[in-house]
$ cat upload_15.pdb   # PDB, C-alpha atoms
ATOM      1  CA  MET Y  20      41.306  34.241   2.213  1.00  0.00           C
ATOM      2  CA  GLU Y  21      39.150  34.180   5.367  1.00  0.00           C
ATOM      3  CA  LYS Y  22      36.043  34.827   3.292  1.00  0.00           C
ATOM      4  CA  ILE Y  23      36.939  31.990   0.915  1.00  0.00           C
ATOM      5  CA  MET Y  24      37.478  29.606   3.852  1.00  0.00           C
ATOM      6  CA  LYS Y  25      34.105  30.533   5.350  1.00  0.00           C
ATOM      7  CA  THR Y  26      32.430  30.018   1.985  1.00  0.00           C
ATOM      8  CA  ASN Y  27      34.069  26.609   1.513  1.00  0.00           C
ATOM      9  CA  PHE Y  28      33.122  25.644   5.069  1.00  0.00           C
ATOM     10  CA  PHE Y  29      29.514  26.581   4.349  1.00  0.00           C
ATOM     11  CA  LEU Y  30      29.492  24.597   1.090  1.00  0.00           C
ATOM     12  CA  VAL Y  31      30.887  21.513   2.834  1.00  0.00           C
ATOM     13  CA  TYR Y  32      28.082  21.569   5.376  1.00  0.00           C
ATOM     14  CA  VAL Y  33      25.425  22.255   2.772  1.00  0.00           C
ATOM     15  CA  CYS Y  34      26.656  19.373   0.600  1.00  0.00           C
ATOM     16  CA  GLY Y  35      26.938  17.156   3.658  1.00  0.00           C
ATOM     17  CA  GLY Y  36      23.382  18.015   4.613  1.00  0.00           C
ATOM     18  CA  PHE Y  37      22.129  17.042   1.168  1.00  0.00           C
ATOM     19  CA  VAL Y  38      23.977  13.737   1.410  1.00  0.00           C
ATOM     20  CA  LEU Y  39      22.513  13.002   4.856  1.00  0.00           C
ATOM     21  CA  ALA Y  40      19.019  13.919   3.694  1.00  0.00           C
ATOM     22  CA  ALA Y  41      19.370  11.682   0.646  1.00  0.00           C
ATOM     23  CA  VAL Y  42      20.538   8.767   2.782  1.00  0.00           C
ATOM     24  CA  CYS Y  43      17.804   9.241   5.388  1.00  0.00           C
ATOM     25  CA  SER Y  44      14.964   9.647   2.887  1.00  0.00           C
ATOM     26  CA  ALA Y  45      16.179   7.477   0.026  1.00  0.00           C
ATOM     27  CA  ARG Y  46      12.982   5.402   0.127  1.00  0.00           C
ATOM     28  CA  ALA Y  47      10.486   8.222   0.561  1.00  0.00           C
ATOM     29  CA  ASP Y  48       7.426   8.455  -1.694  1.00  0.00           C
ATOM     30  CA  THR Y  49       7.744   5.001  -3.167  1.00  0.00           C
ATOM     31  CA  VAL Y  50       6.051   1.618  -3.433  1.00  0.00           C
ATOM     32  CA  LEU Y  51       6.511  -0.126  -0.088  1.00  0.00           C
ATOM     33  CA  TRP Y  52       4.665  -3.337  -0.883  1.00  0.00           C
ATOM     34  CA  TYR Y  53       3.115  -4.666  -4.064  1.00  0.00           C
ATOM     35  CA  ASN Y  54       1.894  -8.247  -4.290  1.00  0.00           C
ATOM     36  CA  GLY Y  55       2.412  -8.530  -8.057  1.00  0.00           C
ATOM     37  CA  ASP Y  56       0.699  -8.220 -11.435  1.00  0.00           C
ATOM     38  CA  LEU Y  57      -2.205 -10.264 -12.770  1.00  0.00           C
ATOM     39  CA  ARG Y  58      -0.944 -13.809 -13.181  1.00  0.00           C
ATOM     40  CA  SER Y  59      -0.650 -15.585 -16.485  1.00  0.00           C
ATOM     41  CA  GLY Y  60      -3.998 -17.150 -17.251  1.00  0.00           C
ATOM     42  CA  GLY Y  61      -5.830 -14.652 -15.064  1.00  0.00           C
ATOM     43  CA  GLY Y  62      -8.252 -15.407 -12.271  1.00  0.00           C
ATOM     44  CA  GLY Y  63      -9.580 -13.522  -9.288  1.00  0.00           C
ATOM     45  CA  THR Y  64     -12.200 -13.311  -6.559  1.00  0.00           C
ATOM     46  CA  VAL Y  65     -15.173 -10.998  -6.110  1.00  0.00           C
ATOM     47  CA  ASN Y  66     -14.077  -7.801  -4.347  1.00  0.00           C
ATOM     48  CA  GLU Y  67     -16.671  -5.059  -3.976  1.00  0.00           C
ATOM     49  CA  GLN Y  68     -19.087  -3.222  -1.721  1.00  0.00           C
ATOM     50  CA  THR Y  69     -22.702  -2.952  -2.798  1.00  0.00           C
ATOM     51  CA  SER Y  70     -25.552  -0.815  -1.530  1.00  0.00           C
ATOM     52  CA  ASN Y  71     -28.002  -3.718  -1.133  1.00  0.00           C
ATOM     53  CA  VAL Y  72     -26.294  -7.052  -0.357  1.00  0.00           C
ATOM     54  CA  GLY Y  73     -23.254  -5.792   1.514  1.00  0.00           C
ATOM     55  CA  VAL Y  74     -19.555  -6.485   1.164  1.00  0.00           C
ATOM     56  CA  SER Y  75     -17.259  -9.058  -0.409  1.00  0.00           C
ATOM     57  CA  PHE Y  76     -13.713  -8.240   0.646  1.00  0.00           C
ATOM     58  CA  ILE Y  77     -10.394  -9.915  -0.074  1.00  0.00           C
ATOM     59  CA  TYR Y  78      -7.622  -9.379   2.492  1.00  0.00           C
ATOM     60  CA  ASP Y  79      -3.999 -10.143   1.699  1.00  0.00           C
ATOM     61  CA  LYS Y  80      -1.016 -10.135   4.018  1.00  0.00           C
ATOM     62  CA  PHE Y  81       1.963  -7.775   4.009  1.00  0.00           C
ATOM     63  CA  THR Y  82       4.842  -7.152   6.397  1.00  0.00           C
ATOM     64  CA  VAL Y  83       6.380  -3.854   7.517  1.00  0.00           C
ATOM     65  CA  THR Y  84      10.042  -4.802   7.789  1.00  0.00           C
ATOM     66  CA  ASP Y  85      11.678  -1.395   8.294  1.00  0.00           C
ATOM     67  CA  PRO Y  86      12.697  -0.918  11.947  1.00  0.00           C
ATOM     68  CA  ALA Y  87      11.069   2.498  12.375  1.00  0.00           C
ATOM     69  CA  GLY Y  88       7.937   1.701  10.381  1.00  0.00           C
ATOM     70  CA  TRP Y  89       6.084   3.201   7.413  1.00  0.00           C
ATOM     71  CA  ILE Y  90       3.969   6.245   6.650  1.00  0.00           C
ATOM     72  CA  VAL Y  91       1.298   5.090   4.184  1.00  0.00           C
ATOM     73  CA  ASP Y  92      -0.192   7.603   1.771  1.00  0.00           C
ATOM     74  CA  ARG Y  93      -1.633   5.405  -1.022  1.00  0.00           C
ATOM     75  CA  LEU Y  94      -3.438   2.069  -1.228  1.00  0.00           C
ATOM     76  CA  TRP Y  95      -4.731   0.193  -4.265  1.00  0.00           C
ATOM     77  CA  SER Y  96      -6.076  -3.045  -5.667  1.00  0.00           C
ATOM     78  CA  ASN Y  97      -6.130  -4.197  -9.290  1.00  0.00           C
ATOM     79  CA  ASP Y  98      -9.594  -5.433 -10.185  1.00  0.00           C
ATOM     80  CA  ALA Y  99     -11.232  -6.923 -13.281  1.00  0.00           C
ATOM     81  CA  MET Y 100     -14.420  -4.902 -13.599  1.00  0.00           C
ATOM     82  CA  GLN Y 101     -17.469  -4.748 -15.831  1.00  0.00           C
ATOM     83  CA  LEU Y 102     -18.208  -1.095 -15.093  1.00  0.00           C
ATOM     84  CA  THR Y 103     -16.507   2.304 -15.100  1.00  0.00           C
ATOM     85  CA  GLY Y 104     -17.220   5.540 -13.255  1.00  0.00           C
ATOM     86  CA  ILE Y 105     -16.010   4.292  -9.873  1.00  0.00           C
ATOM     87  CA  SER Y 106     -15.403   7.216  -7.517  1.00  0.00           C
ATOM     88  CA  GLN Y 107     -15.344   5.604  -4.064  1.00  0.00           C
ATOM     89  CA  ALA Y 108     -13.746   2.598  -2.424  1.00  0.00           C
ATOM     90  CA  SER Y 109     -13.712   0.967   0.980  1.00  0.00           C
ATOM     91  CA  TRP Y 110     -10.357   0.108   2.536  1.00  0.00           C
ATOM     92  CA  TYR Y 111      -9.078  -1.637   5.649  1.00  0.00           C
ATOM     93  CA  ILE Y 112      -5.741  -2.344   7.245  1.00  0.00           C
ATOM     94  CA  ARG Y 113      -6.028  -5.012   9.947  1.00  0.00           C
ATOM     95  CA  SER Y 114      -3.686  -6.873  12.259  1.00  0.00           C
ATOM     96  CA  GLY Y 115      -3.942 -10.266  13.939  1.00  0.00           C
ATOM     97  CA  MET Y 116      -6.160 -11.868  11.302  1.00  0.00           C
ATOM     98  CA  SER Y 117      -6.518 -15.625  10.899  1.00  0.00           C
ATOM     99  CA  VAL Y 118      -9.080 -18.061   9.529  1.00  0.00           C
ATOM    100  CA  GLY Y 119     -12.443 -17.132  11.029  1.00  0.00           C
ATOM    101  CA  ASN Y 120     -10.952 -14.132  12.834  1.00  0.00           C
ATOM    102  CA  GLY Y 121     -11.078 -10.540  11.598  1.00  0.00           C
ATOM    103  CA  GLY Y 122      -8.411  -9.412  14.035  1.00  0.00           C
ATOM    104  CA  ALA Y 123      -8.189  -5.705  14.894  1.00  0.00           C
ATOM    105  CA  VAL Y 124      -8.819  -2.743  12.608  1.00  0.00           C
ATOM    106  CA  VAL Y 125      -5.702  -0.570  12.475  1.00  0.00           C
ATOM    107  CA  SER Y 126      -7.122   1.959  10.024  1.00  0.00           C
ATOM    108  CA  SER Y 127     -10.087   2.030   7.636  1.00  0.00           C
ATOM    109  CA  GLY Y 128     -12.414   4.246   5.686  1.00  0.00           C
ATOM    110  CA  ILE Y 129     -14.562   4.892   2.646  1.00  0.00           C
ATOM    111  CA  GLY Y 130     -13.177   7.627   0.465  1.00  0.00           C
ATOM    112  CA  PHE Y 131     -12.591   9.087  -2.954  1.00  0.00           C
ATOM    113  CA  ALA Y 132     -10.999   6.609  -5.332  1.00  0.00           C
ATOM    114  CA  THR Y 133      -9.581   6.751  -8.825  1.00  0.00           C
ATOM    115  CA  GLN Y 134     -10.229   4.044 -11.435  1.00  0.00           C
ATOM    116  CA  THR Y 135      -7.370   3.723 -13.912  1.00  0.00           C
ATOM    117  CA  PRO Y 136      -6.991   1.041 -16.618  1.00  0.00           C
ATOM    118  CA  THR Y 137      -3.848  -1.054 -16.162  1.00  0.00           C
ATOM    119  CA  GLY Y 138      -3.752  -2.026 -19.850  1.00  0.00           C
ATOM    120  CA  ARG Y 139      -4.556  -5.651 -19.056  1.00  0.00           C
ATOM    121  CA  VAL Y 140      -7.642  -7.835 -19.517  1.00  0.00           C
ATOM    122  CA  ASN Y 141      -8.255 -10.702 -17.122  1.00  0.00           C
ATOM    123  CA  PRO Y 142      -8.680 -13.649 -19.530  1.00  0.00           C
ATOM    124  CA  ALA Y 143     -10.295 -15.970 -16.995  1.00  0.00           C
ATOM    125  CA  ILE Y 144     -12.981 -13.410 -16.130  1.00  0.00           C
ATOM    126  CA  GLY Y 145     -13.250 -11.496 -19.386  1.00  0.00           C
ATOM    127  CA  PHE Y 146     -13.219  -7.987 -17.903  1.00  0.00           C
ATOM    128  CA  THR Y 147     -10.762  -5.124 -18.257  1.00  0.00           C
ATOM    129  CA  GLU Y 148      -8.479  -4.670 -15.245  1.00  0.00           C
ATOM    130  CA  TYR Y 149      -8.457  -1.341 -13.405  1.00  0.00           C
ATOM    131  CA  SER Y 150      -6.366  -0.009 -10.555  1.00  0.00           C
ATOM    132  CA  ILE Y 151      -8.624   1.278  -7.760  1.00  0.00           C
ATOM    133  CA  GLN Y 152      -6.548   3.696  -5.699  1.00  0.00           C
ATOM    134  CA  ILE Y 153      -7.080   5.669  -2.491  1.00  0.00           C
ATOM    135  CA  SER Y 154      -4.677   8.606  -2.016  1.00  0.00           C
ATOM    136  CA  GLY Y 155      -4.037  11.379   0.495  1.00  0.00           C
ATOM    137  CA  LEU Y 156      -3.682   9.124   3.535  1.00  0.00           C
ATOM    138  CA  ASN Y 157      -1.273   9.576   6.438  1.00  0.00           C
ATOM    139  CA  ILE Y 158      -1.150   6.276   8.337  1.00  0.00           C
ATOM    140  CA  TYR Y 159       1.729   5.177  10.536  1.00  0.00           C
ATOM    141  CA  LEU Y 160       2.413   1.437  10.662  1.00  0.00           C
ATOM    142  CA  SER Y 161       4.946   0.047  13.102  1.00  0.00           C
ATOM    143  CA  PRO Y 162       6.981  -3.046  12.147  1.00  0.00           C
ATOM    144  CA  GLY Y 163       4.810  -6.140  11.973  1.00  0.00           C
ATOM    145  CA  THR Y 164       2.323  -8.123   9.901  1.00  0.00           C
ATOM    146  CA  TYR Y 165      -0.909  -6.664   8.527  1.00  0.00           C
ATOM    147  CA  TRP Y 166      -3.691  -7.446   6.035  1.00  0.00           C
ATOM    148  CA  LEU Y 167      -4.963  -5.047   3.368  1.00  0.00           C
ATOM    149  CA  SER Y 168      -8.329  -4.775   1.617  1.00  0.00           C
ATOM    150  CA  VAL Y 169      -9.269  -2.200  -1.050  1.00  0.00           C
ATOM    151  CA  ALA Y 170     -12.697  -2.687  -2.664  1.00  0.00           C
ATOM    152  CA  PRO Y 171     -14.668  -0.399  -5.006  1.00  0.00           C
ATOM    153  CA  LEU Y 172     -18.211   0.748  -4.247  1.00  0.00           C
ATOM    154  CA  VAL Y 173     -20.187  -0.580  -7.232  1.00  0.00           C
ATOM    155  CA  GLY Y 174     -23.797   0.392  -6.475  1.00  0.00           C
ATOM    156  CA  SER Y 175     -26.484  -2.280  -6.198  1.00  0.00           C
ATOM    157  CA  GLU Y 176     -26.099  -5.955  -7.048  1.00  0.00           C
ATOM    158  CA  SER Y 177     -28.809  -7.394  -9.242  1.00  0.00           C
ATOM    159  CA  GLY Y 178     -29.441 -10.909 -10.452  1.00  0.00           C
ATOM    160  CA  GLY Y 179     -26.126 -12.292  -9.231  1.00  0.00           C
ATOM    161  CA  MET Y 180     -24.143 -10.060 -11.605  1.00  0.00           C
ATOM    162  CA  LEU Y 181     -20.993  -9.443  -9.570  1.00  0.00           C
ATOM    163  CA  LYS Y 182     -19.101  -6.468 -10.932  1.00  0.00           C
ATOM    164  CA  SER Y 183     -15.548  -6.462  -9.556  1.00  0.00           C
ATOM    165  CA  TYR Y 184     -12.941  -9.204  -9.068  1.00  0.00           C
ATOM    166  CA  VAL Y 185      -9.541  -8.498  -7.546  1.00  0.00           C
ATOM    167  CA  SER Y 186      -6.863 -10.050  -9.773  1.00  0.00           C
ATOM    168  CA  ALA Y 187      -5.003 -13.166  -8.703  1.00  0.00           C
ATOM    169  CA  THR Y 188      -1.202 -12.909  -8.897  1.00  0.00           C
ATOM    170  CA  SER Y 189       1.839 -15.135  -8.864  1.00  0.00           C
ATOM    171  CA  GLY Y 190       4.100 -12.291  -7.742  1.00  0.00           C
ATOM    172  CA  ALA Y 191       5.359 -10.861 -11.052  1.00  0.00           C
ATOM    173  CA  ASN Y 192       7.017  -7.447 -10.401  1.00  0.00           C
ATOM    174  CA  ALA Y 193       6.288  -7.752  -6.691  1.00  0.00           C
ATOM    175  CA  VAL Y 194       7.879  -5.423  -4.138  1.00  0.00           C
ATOM    176  CA  GLY Y 195       8.390  -6.096  -0.427  1.00  0.00           C
ATOM    177  CA  THR Y 196       7.307  -9.007   1.746  1.00  0.00           C
ATOM    178  CA  PRO Y 197       5.679 -11.358   0.966  1.00  0.00           C
ATOM    179  CA  PRO Y 198       6.098 -11.127  -2.821  1.00  0.00           C
ATOM    180  CA  GLY Y 199       2.774 -12.627  -3.854  1.00  0.00           C
ATOM    181  CA  ASN Y 200       3.723 -16.208  -3.139  1.00  0.00           C
ATOM    182  CA  ASP Y 201       2.430 -17.313   0.256  1.00  0.00           C
ATOM    183  CA  ALA Y 202      -1.297 -17.946  -0.451  1.00  0.00           C
ATOM    184  CA  ASN Y 203      -2.208 -16.410   2.896  1.00  0.00           C
ATOM    185  CA  SER Y 204      -5.239 -14.349   1.894  1.00  0.00           C
ATOM    186  CA  LEU Y 205      -8.710 -14.285   3.468  1.00  0.00           C
ATOM    187  CA  PHE Y 206     -12.203 -13.768   2.048  1.00  0.00           C
ATOM    188  CA  TYR Y 207     -15.012 -12.021   3.934  1.00  0.00           C
ATOM    189  CA  SER Y 208     -18.470 -12.054   2.348  1.00  0.00           C
ATOM    190  CA  PRO Y 209     -21.459 -12.677   4.652  1.00  0.00           C
ATOM    191  CA  TRP Y 210     -23.796 -12.667   1.656  1.00  0.00           C
ATOM    192  CA  LEU Y 211     -21.829 -15.493   0.005  1.00  0.00           C
ATOM    193  CA  GLY Y 212     -21.227 -17.322   3.294  1.00  0.00           C
ATOM    194  CA  TYR Y 213     -17.511 -16.634   3.839  1.00  0.00           C
ATOM    195  CA  ASN Y 214     -16.295 -15.501   7.272  1.00  0.00           C
ATOM    196  CA  TYR Y 215     -12.601 -14.675   6.857  1.00  0.00           C
ATOM    197  CA  ALA Y 216     -12.148 -17.952   5.030  1.00  0.00           C
ATOM    198  CA  PRO Y 217      -8.999 -19.037   3.149  1.00  0.00           C
ATOM    199  CA  ALA Y 218      -9.235 -17.334  -0.252  1.00  0.00           C
ATOM    200  CA  PHE Y 219      -8.859 -20.332  -2.546  1.00  0.00           C
ATOM    201  CA  GLU Y 220      -5.047 -20.551  -2.118  1.00  0.00           C
ATOM    202  CA  ASN Y 221      -4.600 -17.365  -4.145  1.00  0.00           C
ATOM    203  CA  ASP Y 222      -2.545 -14.217  -3.736  1.00  0.00           C
ATOM    204  CA  TYR Y 223      -4.039 -10.958  -4.979  1.00  0.00           C
ATOM    205  CA  SER Y 224      -2.793  -7.881  -6.818  1.00  0.00           C
ATOM    206  CA  MET Y 225      -2.795  -4.961  -4.386  1.00  0.00           C
ATOM    207  CA  GLY Y 226      -0.251  -2.584  -2.942  1.00  0.00           C
ATOM    208  CA  ILE Y 227       0.865   0.207  -0.631  1.00  0.00           C
ATOM    209  CA  ALA Y 228       2.977   3.309  -1.235  1.00  0.00           C
ATOM    210  CA  GLY Y 229       4.391   5.965   1.083  1.00  0.00           C
ATOM    211  CA  SER Y 230       7.539   6.640   3.074  1.00  0.00           C
ATOM    212  CA  VAL Y 231       9.917   4.704   5.257  1.00  0.00           C
ATOM    213  CA  VAL Y 232      10.317   6.423   8.633  1.00  0.00           C
ATOM    214  CA  PRO Y 233      13.993   7.393   9.178  1.00  0.00           C
ATOM    215  CA  GLU Y 234      15.711   5.375  11.873  1.00  0.00           C
ATOM    216  CA  PRO Y 235      16.510   7.305  15.092  1.00  0.00           C
ATOM    217  CA  SER Y 236      20.252   7.114  14.414  1.00  0.00           C
ATOM    218  CA  CYS Y 237      19.753   8.826  11.076  1.00  0.00           C
ATOM    219  CA  ALA Y 238      17.610  11.592  12.564  1.00  0.00           C
ATOM    220  CA  LEU Y 239      20.168  12.173  15.336  1.00  0.00           C
ATOM    221  CA  LEU Y 240      22.972  12.345  12.794  1.00  0.00           C
ATOM    222  CA  MET Y 241      21.143  15.038  10.849  1.00  0.00           C
ATOM    223  CA  ALA Y 242      20.343  16.990  14.018  1.00  0.00           C
ATOM    224  CA  GLY Y 243      23.975  16.771  15.115  1.00  0.00           C
ATOM    225  CA  GLY Y 244      25.166  18.060  11.777  1.00  0.00           C
ATOM    226  CA  VAL Y 245      22.853  21.061  12.006  1.00  0.00           C
ATOM    227  CA  LEU Y 246      24.015  21.807  15.575  1.00  0.00           C
ATOM    228  CA  VAL Y 247      27.700  21.696  14.628  1.00  0.00           C
ATOM    229  CA  PHE Y 248      27.042  23.984  11.696  1.00  0.00           C
ATOM    230  CA  VAL Y 249      25.235  26.530  13.902  1.00  0.00           C
ATOM    231  CA  ILE Y 250      28.035  26.494  16.487  1.00  0.00           C
ATOM    232  CA  ARG Y 251      30.754  26.940  13.876  1.00  0.00           C
ATOM    233  CA  ARG Y 252      28.834  29.774  12.233  1.00  0.00           C
ATOM    234  CA  ARG Y 253      28.484  31.575  15.554  1.00  0.00           C
ATOM    235  CA  ARG Y 254      32.183  31.228  16.257  1.00  0.00           C
ATOM    236  CA  ALA Y 255      33.013  32.488  12.791  1.00  0.00           C
TER
END
$ encode --input "upload_15.pdb" --output "structure tokens"
Amino acid sequence: MEKIMKTNFFLVYVCGGFVLAAVCSARADTVLWYNGDLRSGGGGTVNEQTSNVGVSFIYDKFTVTDPAGWIVDRLWSNDAMQLTGISQASWYIRSGMSVGNGGAVVSSGIGFATQTPTGRVNPAIGFTEYSIQISGLNIYLSPGTYWLSVAPLVGSESGGMLKSYVSATSGANAVGTPPGNDANSLFYSPWLGYNYAPAFENDYSMGIAGSVVPEPSCALLMAGGVLVFVIRRRRA
């Protein structure tokens, strides 16, 4: 009987631990913010980095609403492109941006990128849409407002033939805040004469995935459960 009671006691704590872990990490490894799919009718704005004329970056706003923040491990933009074979992209997360003001760089880099067809064609531009994704990141973002840019490296520009346009969105299938409906994006392209200018009242298809940081109360609850279990086991 004593052995059965000990076994049941152990199972209760194990099951309880699984429940606590599920509650505390229910939103791990998931899409945290996505501004939405390519809008009906298409449209977009040049979004690329070239080796000869520089950069043309679109930044769009997102908000970290979870009290303990996010751990970001993936970033992407959906771009109508007239080329394949992309293997690198430039990305930025900034804070404090406004018209004419680049704010502060929170995290940035140029790294390995994947280029995956989304199955859509941007009818206004005439190019196939691809998802340009950067993975393997580990970026902590505290609650607040930020701006994201993800732009493929497309080689050299020649004869005005721009190669990549980030898709405009109206927020279809959006996740998080804002859901592709606030027209608060900025365009930076010194070559084209734009210095963090309003991006034509558009929202753009890009997103972030990762984990929600557990709130302190949740972490303490799990730690307390482990401590009680250890004490009871020692007494047994």
$ closest_residue --input "upload_15.pdb" --among "Y:Tyr213, Y:Tyr207, Y:Tyr149, Y:Tyr111" --to "Ser186 (chain Y)" --atoms "only C-alpha atoms"
Y:Tyr149
$ atom_distance --input "upload_15.pdb" --atom1 "CA of Glu176 (chain Y)" --atom2 "CA of Ile105 (chain Y)"
14.7 Å
$ closest_atom_pairs --input "upload_15.pdb" --of "region 172-215 of chain Y" --to "region 81-84 of chain Y" --cutoff "12 Å" --atoms "all atoms listed in the file" --output "Markdown table"
| residue | atom | partner | partner_atom | distance |
| --- | --- | --- | --- | --- |
| Y:Ala193 | CA | Y:Phe81 | CA | 11.5 |
| Y:Val194 | CA | Y:Phe81 | CA | 10.3 |
| Y:Gly195 | CA | Y:Thr82 | CA | 7.8 |
| Y:Thr196 | CA | Y:Thr82 | CA | 5.6 |
| Y:Pro197 | CA | Y:Phe81 | CA | 6.0 |
| Y:Pro198 | CA | Y:Phe81 | CA | 8.7 |
| Y:Gly199 | CA | Y:Phe81 | CA | 9.3 |
| Y:Asn200 | CA | Y:Phe81 | CA | 11.2 |
| Y:Asp201 | CA | Y:Phe81 | CA | 10.3 |
| Y:Ala202 | CA | Y:Phe81 | CA | 11.6 |
| Y:Asn203 | CA | Y:Phe81 | CA | 9.7 |
| Y:Ser204 | CA | Y:Phe81 | CA | 10.0 |
$ residues_around --input "upload_15.pdb" --residues "region 71-75 of chain Y" --least-positions-apart "3" --cutoff "10 Å" --atoms "all atoms listed in the file" --output "number ranges by chain"
Y: 64-68, 109, 170-172, 174-177, 181, 183-184, 206-213
$ atom_distance --input "upload_15.pdb" --atom1 "CA of Trp95 (chain Y)" --atom2 "CA of Ser150 (chain Y)"
6.5 Å
$ axis_aligned_box --input "upload_15.pdb" --around "region 51-55 of chain Y" --padding-each-side "8 Å" --output "lines of an AutoDock Vina configuration file"
center_x = 4.2
center_y = -4.3
center_z = -4.1
size_x = 20.6
size_y = 24.4
size_z = 24.0
$ closest_residue --input "upload_15.pdb" --among "Y:Thr137, Y:Ser59, Y:Ser154, Y:Asn192" --to "Val169 (chain Y)" --atoms "all atoms listed in the file"
Y:Ser154
$ residues_around --input "upload_15.pdb" --residues "Trp166 (chain Y)" --least-positions-apart "4" --cutoff "8 Å" --atoms "all atoms listed in the file" --output "list of chain:residue names"
Y:Tyr78, Y:Asp79, Y:Lys80, Y:Phe81, Y:Tyr111, Y:Ile112, Y:Arg113, Y:Ser114, Y:Met116
$ atom_distance --input "upload_15.pdb" --atom1 "CA of Gly130 (chain Y)" --atom2 "CA of Ser96 (chain Y)"
14.2 Å
$ closest_residue --input "upload_15.pdb" --among "Y:Gly115, Y:Gly145, Y:Gly104, Y:Gly226" --to "Phe131 (chain Y)" --atoms "only C-alpha atoms"
Y:Gly104
$ closest_residue --input "upload_15.pdb" --among "Y:Ala187, Y:Ala108, Y:Val125, Y:Leu160" --to "Asn141 (chain Y)" --atoms "all atoms listed in the file"
Y:Ala187
$ closest_residue --input "upload_15.pdb" --among "Y:Ala218, Y:Val173, Y:Leu205, Y:Met225" --to "Ser106 (chain Y)" --atoms "all atoms listed in the file"
Y:Val173
$ closest_residue --input "upload_15.pdb" --among "Y:Leu57, Y:Leu51, Y:Ala123, Y:Val118" --to "Asp85 (chain Y)" --atoms "all atoms listed in the file"
Y:Leu51
$ resolve_selection --input "upload_15.pdb" --expression "the PyMOL selection byres ((chain Y and resi 158) around 12)" --output "PDB file with C-alpha atoms, in the coordinates of the input"
ATOM      1  CA  GLY Y  88       7.937   1.701  10.381  1.00  0.00           C
ATOM      2  CA  TRP Y  89       6.084   3.201   7.413  1.00  0.00           C
ATOM      3  CA  ILE Y  90       3.969   6.245   6.650  1.00  0.00           C
ATOM      4  CA  VAL Y  91       1.298   5.090   4.184  1.00  0.00           C
ATOM      5  CA  ASP Y  92      -0.192   7.603   1.771  1.00  0.00           C
ATOM      6  CA  ARG Y  93      -1.633   5.405  -1.022  1.00  0.00           C
ATOM      7  CA  LEU Y  94      -3.438   2.069  -1.228  1.00  0.00           C
ATOM      8  CA  TYR Y 111      -9.078  -1.637   5.649  1.00  0.00           C
ATOM      9  CA  ILE Y 112      -5.741  -2.344   7.245  1.00  0.00           C
ATOM     10  CA  VAL Y 125      -5.702  -0.570  12.475  1.00  0.00           C
ATOM     11  CA  SER Y 126      -7.122   1.959  10.024  1.00  0.00           C
ATOM     12  CA  SER Y 127     -10.087   2.030   7.636  1.00  0.00           C
ATOM     13  CA  GLY Y 128     -12.414   4.246   5.686  1.00  0.00           C
ATOM     14  CA  SER Y 154      -4.677   8.606  -2.016  1.00  0.00           C
ATOM     15  CA  GLY Y 155      -4.037  11.379   0.495  1.00  0.00           C
ATOM     16  CA  LEU Y 156      -3.682   9.124   3.535  1.00  0.00           C
ATOM     17  CA  ASN Y 157      -1.273   9.576   6.438  1.00  0.00           C
ATOM     18  CA  TYR Y 159       1.729   5.177  10.536  1.00  0.00           C
ATOM     19  CA  LEU Y 160       2.413   1.437  10.662  1.00  0.00           C
ATOM     20  CA  SER Y 161       4.946   0.047  13.102  1.00  0.00           C
ATOM     21  CA  ILE Y 227       0.865   0.207  -0.631  1.00  0.00           C
ATOM     22  CA  ALA Y 228       2.977   3.309  -1.235  1.00  0.00           C
ATOM     23  CA  GLY Y 229       4.391   5.965   1.083  1.00  0.00           C
ATOM     24  CA  SER Y 230       7.539   6.640   3.074  1.00  0.00           C
ATOM     25  CA  VAL Y 231       9.917   4.704   5.257  1.00  0.00           C
ATOM     26  CA  VAL Y 232      10.317   6.423   8.633  1.00  0.00           C
TER      27      VAL Y 232
END
$ resolve_selection --input "upload_15.pdb" --expression "the PyMOL selection byres ((chain Y and resi 144) around 8)" --output "number ranges by chain"
Y: 61-63, 99, 141-143, 145-146
$ decode --input "upload_15.pdb" --residues "region 84-103 of chain Y" --atoms "C-alpha atoms" --output "PDB file, in the first residue's frame"
ATOM      1  CA  THR Y  84       2.498  43.002 -26.030  1.00  0.00           C
ATOM      2  CA  ASP Y  85       3.471  40.118 -23.732  1.00  0.00           C
ATOM      3  CA  PRO Y  86       4.544  41.429 -20.306  1.00  0.00           C
ATOM      4  CA  ALA Y  87       7.811  39.480 -20.135  1.00  0.00           C
ATOM      5  CA  GLY Y  88       8.754  39.960 -23.782  1.00  0.00           C
ATOM      6  CA  TRP Y  89       9.678  37.726 -26.724  1.00  0.00           C
ATOM      7  CA  ILE Y  90      12.583  35.566 -27.825  1.00  0.00           C
ATOM      8  CA  VAL Y  91      12.797  35.930 -31.616  1.00  0.00           C
ATOM      9  CA  ASP Y  92      14.268  33.097 -33.658  1.00  0.00           C
ATOM     10  CA  ARG Y  93      12.882  33.727 -37.178  1.00  0.00           C
ATOM     11  CA  LEU Y  94      12.194  36.769 -39.348  1.00  0.00           C
ATOM     12  CA  TRP Y  95      10.782  36.971 -42.867  1.00  0.00           C
ATOM     13  CA  SER Y  96       9.322  39.145 -45.587  1.00  0.00           C
ATOM     14  CA  ASN Y  97       7.194  38.087 -48.555  1.00  0.00           C
ATOM     15  CA  ASP Y  98       8.585  39.609 -51.729  1.00  0.00           C
ATOM     16  CA  ALA Y  99       7.612  39.580 -55.410  1.00  0.00           C
ATOM     17  CA  MET Y 100      10.888  38.786 -57.137  1.00  0.00           C
ATOM     18  CA  GLN Y 101      12.209  38.367 -60.656  1.00  0.00           C
ATOM     19  CA  LEU Y 102      15.109  36.134 -59.633  1.00  0.00           C
ATOM     20  CA  THR Y 103      15.817  32.959 -57.668  1.00  0.00           C
TER      21      THR Y 103
END
